[in-house]
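S.K.: Next up, final_2.pdb (PDB, C-alpha atoms).
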```
MODEL        1
ATOM      1  CA  ASN A1168     134.028 110.183  52.520
ATOM      2  CA  GLN A1169     132.274 113.303  51.256
ATOM      3  CA  ILE A1170     128.988 111.958  52.590
ATOM      4  CA  ASP A1171     130.509 111.798  56.071
ATOM      5  CA  MET A1172     131.833 115.351  55.690
ATOM      6  CA  ALA A1173     128.411 116.517  54.567
ATOM      7  CA  SER A1174     126.827 114.805  57.554
ATOM      8  CA  ASP A1175     129.226 116.500  59.971
ATOM      9  CA  TYR A1176     128.699 119.886  58.329
ATOM     10  CA  LEU A1177     124.908 119.573  58.394
ATOM     11  CA  LYS A1178     124.913 118.529  62.048
ATOM     12  CA  LYS A1179     126.972 121.617  62.891
ATOM     13  CA  CYS A1180     124.551 123.829  60.948
ATOM     14  CA  ILE A1181     121.586 122.344  62.805
ATOM     15  CA  ASN A1182     123.345 122.845  66.135
ATOM     16  CA  LEU A1183     123.800 126.516  65.267
ATOM     17  CA  ASP A1184     120.220 126.885  64.013
ATOM     18  CA  PRO A1185     117.836 124.184  65.304
ATOM     19  CA  GLY A1186     115.123 125.578  63.031
ATOM     20  CA  TYR A1187     117.148 125.020  59.834
ATOM     21  CA  VAL A1188     114.620 122.935  57.906
ATOM     22  CA  ASP A1189     116.809 122.498  54.830
ATOM     23  CA  GLY A1190     119.602 121.151  57.027
ATOM     24  CA  TYR A1191     117.301 118.452  58.398
ATOM     25  CA  TYR A1192     116.179 117.622  54.875
ATOM     26  CA  GLN A1193     119.692 117.309  53.502
ATOM     27  CA  LEU A1194     120.783 115.294  56.530
ATOM     28  CA  ALA A1195     117.836 112.941  56.000
ATOM     29  CA  LEU A1196     118.995 112.414  52.408
ATOM     30  CA  VAL A1197     122.510 111.642  53.648
ATOM     31  CA  TYR A1198     121.117 109.092  56.092
ATOM     32  CA  LEU A1199     118.969 107.518  53.379
ATOM     33  CA  ASN A1200     122.040 107.267  51.174
ATOM     34  CA  LYS A1201     123.903 105.519  53.993
ATOM     35  CA  GLY A1202     120.984 103.177  54.739
ATOM     36  CA  LEU A1203     120.355 104.673  58.196
ATOM     37  CA  MET A1204     116.580 104.612  58.035
ATOM     38  CA  GLU A1205     115.729 105.493  61.646
ATOM     39  CA  GLU A1206     117.975 108.564  61.555
ATOM     40  CA  ALA A1207     116.447 109.576  58.226
ATOM     41  CA  LYS A1208     112.925 109.165  59.626
ATOM     42  CA  ASN A1209     113.773 111.276  62.679
ATOM     43  CA  ASN A1210     115.031 114.124  60.498
ATOM     44  CA  LEU A1211     112.057 113.924  58.155
ATOM     45  CA  GLN A1212     109.680 114.041  61.104
ATOM     46  CA  LYS A1213     111.531 117.078  62.473
ATOM     47  CA  ILE A1214     110.919 118.891  59.162
ATOM     48  CA  ILE A1215     107.189 118.216  59.432
ATOM     49  CA  GLU A1216     107.221 119.418  63.031
ATOM     50  CA  LEU A1217     109.100 122.647  62.242
ATOM     51  CA  ALA A1218     107.385 123.637  58.997
ATOM     52  CA  PRO A1219     104.260 121.526  58.459
ATOM     53  CA  ASP A1220     102.939 123.574  55.542
ATOM     54  CA  SER A1221     106.231 123.925  53.670
ATOM     55  CA  GLU A1222     107.256 122.293  50.412
ATOM     56  CA  LYS A1223     109.999 120.417  52.291
ATOM     57  CA  ALA A1224     107.375 118.966  54.649
ATOM     58  CA  GLY A1225     105.453 117.664  51.656
ATOM     59  CA  SER A1226     108.598 116.024  50.340
ATOM     60  CA  ALA A1227     109.383 114.686  53.815
ATOM     61  CA  ARG A1228     105.938 113.081  54.043
ATOM     62  CA  LYS A1229     106.413 111.393  50.671
ATOM     63  CA  LEU A1230     109.842 110.095  51.672
ATOM     64  CA  LEU A1231     108.490 108.806  54.983
ATOM     65  CA  GLU A1232     105.755 106.904  53.153
ATOM     66  CA  SER A1233     108.265 105.373  50.760
ATOM     67  CA  ILE A1234     110.544 104.068  53.524
ATOM     68  CA  LYS A1235     107.876 102.666  55.864
TER      69      LYS A1235
ENDMDL
END
```
I need this file expressed as structure tokens, please.
M.R.:
Amino acid sequence: NQIDMASDYLKKCINLDPGYVDGYYQLALVYLNKGLMEEAKNNLQKIIELAPDSEKAGSARKLLESIK
């Protein structure tokens, strides 16, 4: 149940700040945990789009490779 609460909270944070890279990252981890691979991929790709040179983007790329 806490995973669902975290998901709701993160979605609200992203709605308030669409550039919140860490929110997309954490939400991707929630989706991975729940087995929702397409949703996870979408959030990981959004991180790369928003901050391509960031550490989170590097992690997002690695996660994308591991789930393809």
S.K.: I need the output of the PyMOL selection byres ((chain A and resi 1219-1231) around 10) for this file as number ranges by chain; which residues are they?
M.R.: A: 1188-1189, 1191-1192, 1195-1196, 1199, 1204, 1207-1218, 1232-1235
S.K.: Kindly give the distance, in Å, that separates CA of Glu1205 in chain A and CA of Leu1183 in chain A, rounded to a single decimal.
M.R.: 22.8 Å
S.K.: Between A:Glu1206, A:Lys1201, A:Gln1193, A:Gly1186, which has the minimum distance to Ala1173 in chain A (counting all atoms listed in the file)?
M.R.: A:Gln1193
S.K.: Give me, please, the distance in Å between CA of Asn1182 in chain A and CA of Asn1168 in chain A, quoted to one decimal.
M.R.: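 Going from CA of Asn1182 in chain A over to CA of Asn1168 in chain A, I get 21.4 Å.
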S.K.: Taking all atoms of range 1224-1233 of chain A that the file lists, what box with edges along x, y and z, padded by 8 Å per side, do you get, with centre and edge lengths in Å to one decimal, as lines of an AutoDock Vina configuration file?
M.R.:
```
center_x = 107.6
center_y = 112.2
center_z = 52.7
size_x = 20.4
size_y = 29.6
size_z = 20.6
```
S.K.: Can you work out the spacing between CA of Tyr1187 in chain A and CA of Met1172 in chain A in Å, to one decimal?
M.R.: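 Atom-to-atom, CA of Tyr1187 in chain A and CA of Met1172 in chain A are spaced 18.1 Å apart.
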S.K.: With a distance cut-off of 9 Å and only C-alpha atoms, select the neighbouring residues of Ile1170 in chain A, excluding the residue or stretch itself and same-chain residues fewer than 4 positions from it, and output the selection as a ChimeraX atom specification.
M.R.: /A:1174-1175,1197,1200-1201
S.K.: Would you fill the gaps in range 1213-1226 of chain A so it has N, CA and C atoms, then print it as a PDB file, in the coordinates of the input?
M.R.:
```
ATOM      1  N   LYS A1213     111.187 115.762  61.924  1.00  0.00           N
ATOM      2  CA  LYS A1213     111.531 117.078  62.473  1.00  0.00           C
ATOM      3  C   LYS A1213     111.140 118.180  61.481  1.00  0.00           C
ATOM      4  N   ILE A1214     111.314 117.920  60.196  1.00  0.00           N
ATOM      5  CA  ILE A1214     110.919 118.891  59.162  1.00  0.00           C
ATOM      6  C   ILE A1214     109.421 119.154  59.250  1.00  0.00           C
ATOM      7  N   ILE A1215     108.644 118.088  59.358  1.00  0.00           N
ATOM      8  CA  ILE A1215     107.189 118.216  59.432  1.00  0.00           C
ATOM      9  C   ILE A1215     106.787 118.969  60.690  1.00  0.00           C
ATOM     10  N   GLU A1216     107.497 118.722  61.766  1.00  0.00           N
ATOM     11  CA  GLU A1216     107.221 119.418  63.031  1.00  0.00           C
ATOM     12  C   GLU A1216     107.535 120.913  62.930  1.00  0.00           C
ATOM     13  N   LEU A1217     108.662 121.250  62.305  1.00  0.00           N
ATOM     14  CA  LEU A1217     109.100 122.647  62.242  1.00  0.00           C
ATOM     15  C   LEU A1217     108.330 123.478  61.223  1.00  0.00           C
ATOM     16  N   ALA A1218     108.020 122.877  60.081  1.00  0.00           N
ATOM     17  CA  ALA A1218     107.385 123.637  58.997  1.00  0.00           C
ATOM     18  C   ALA A1218     106.342 122.768  58.303  1.00  0.00           C
ATOM     19  N   PRO A1219     105.238 122.488  58.980  1.00  0.00           N
ATOM     20  CA  PRO A1219     104.260 121.526  58.459  1.00  0.00           C
ATOM     21  C   PRO A1219     103.628 121.890  57.124  1.00  0.00           C
ATOM     22  N   ASP A1220     103.583 123.160  56.788  1.00  0.00           N
ATOM     23  CA  ASP A1220     102.939 123.574  55.542  1.00  0.00           C
ATOM     24  C   ASP A1220     103.930 123.871  54.425  1.00  0.00           C
ATOM     25  N   SER A1221     105.206 123.597  54.657  1.00  0.00           N
ATOM     26  CA  SER A1221     106.231 123.925  53.670  1.00  0.00           C
ATOM     27  C   SER A1221     106.342 122.859  52.580  1.00  0.00           C
ATOM     28  N   GLU A1222     106.994 123.229  51.501  1.00  0.00           N
ATOM     29  CA  GLU A1222     107.256 122.293  50.412  1.00  0.00           C
ATOM     30  C   GLU A1222     108.140 121.138  50.896  1.00  0.00           C
ATOM     31  N   LYS A1223     109.110 121.455  51.748  1.00  0.00           N
ATOM     32  CA  LYS A1223     109.999 120.417  52.291  1.00  0.00           C
ATOM     33  C   LYS A1223     109.205 119.405  53.123  1.00  0.00           C
ATOM     34  N   ALA A1224     108.199 119.876  53.856  1.00  0.00           N
ATOM     35  CA  ALA A1224     107.375 118.966  54.649  1.00  0.00           C
ATOM     36  C   ALA A1224     106.610 118.010  53.740  1.00  0.00           C
ATOM     37  N   GLY A1225     106.134 118.527  52.625  1.00  0.00           N
ATOM     38  CA  GLY A1225     105.453 117.664  51.656  1.00  0.00           C
ATOM     39  C   GLY A1225     106.383 116.592  51.119  1.00  0.00           C
ATOM     40  N   SER A1226     107.600 116.989  50.809  1.00  0.00           N
ATOM     41  CA  SER A1226     108.598 116.024  50.340  1.00  0.00           C
ATOM     42  C   SER A1226     108.956 115.039  51.443  1.00  0.00           C
TER      43      SER A1226
END
```
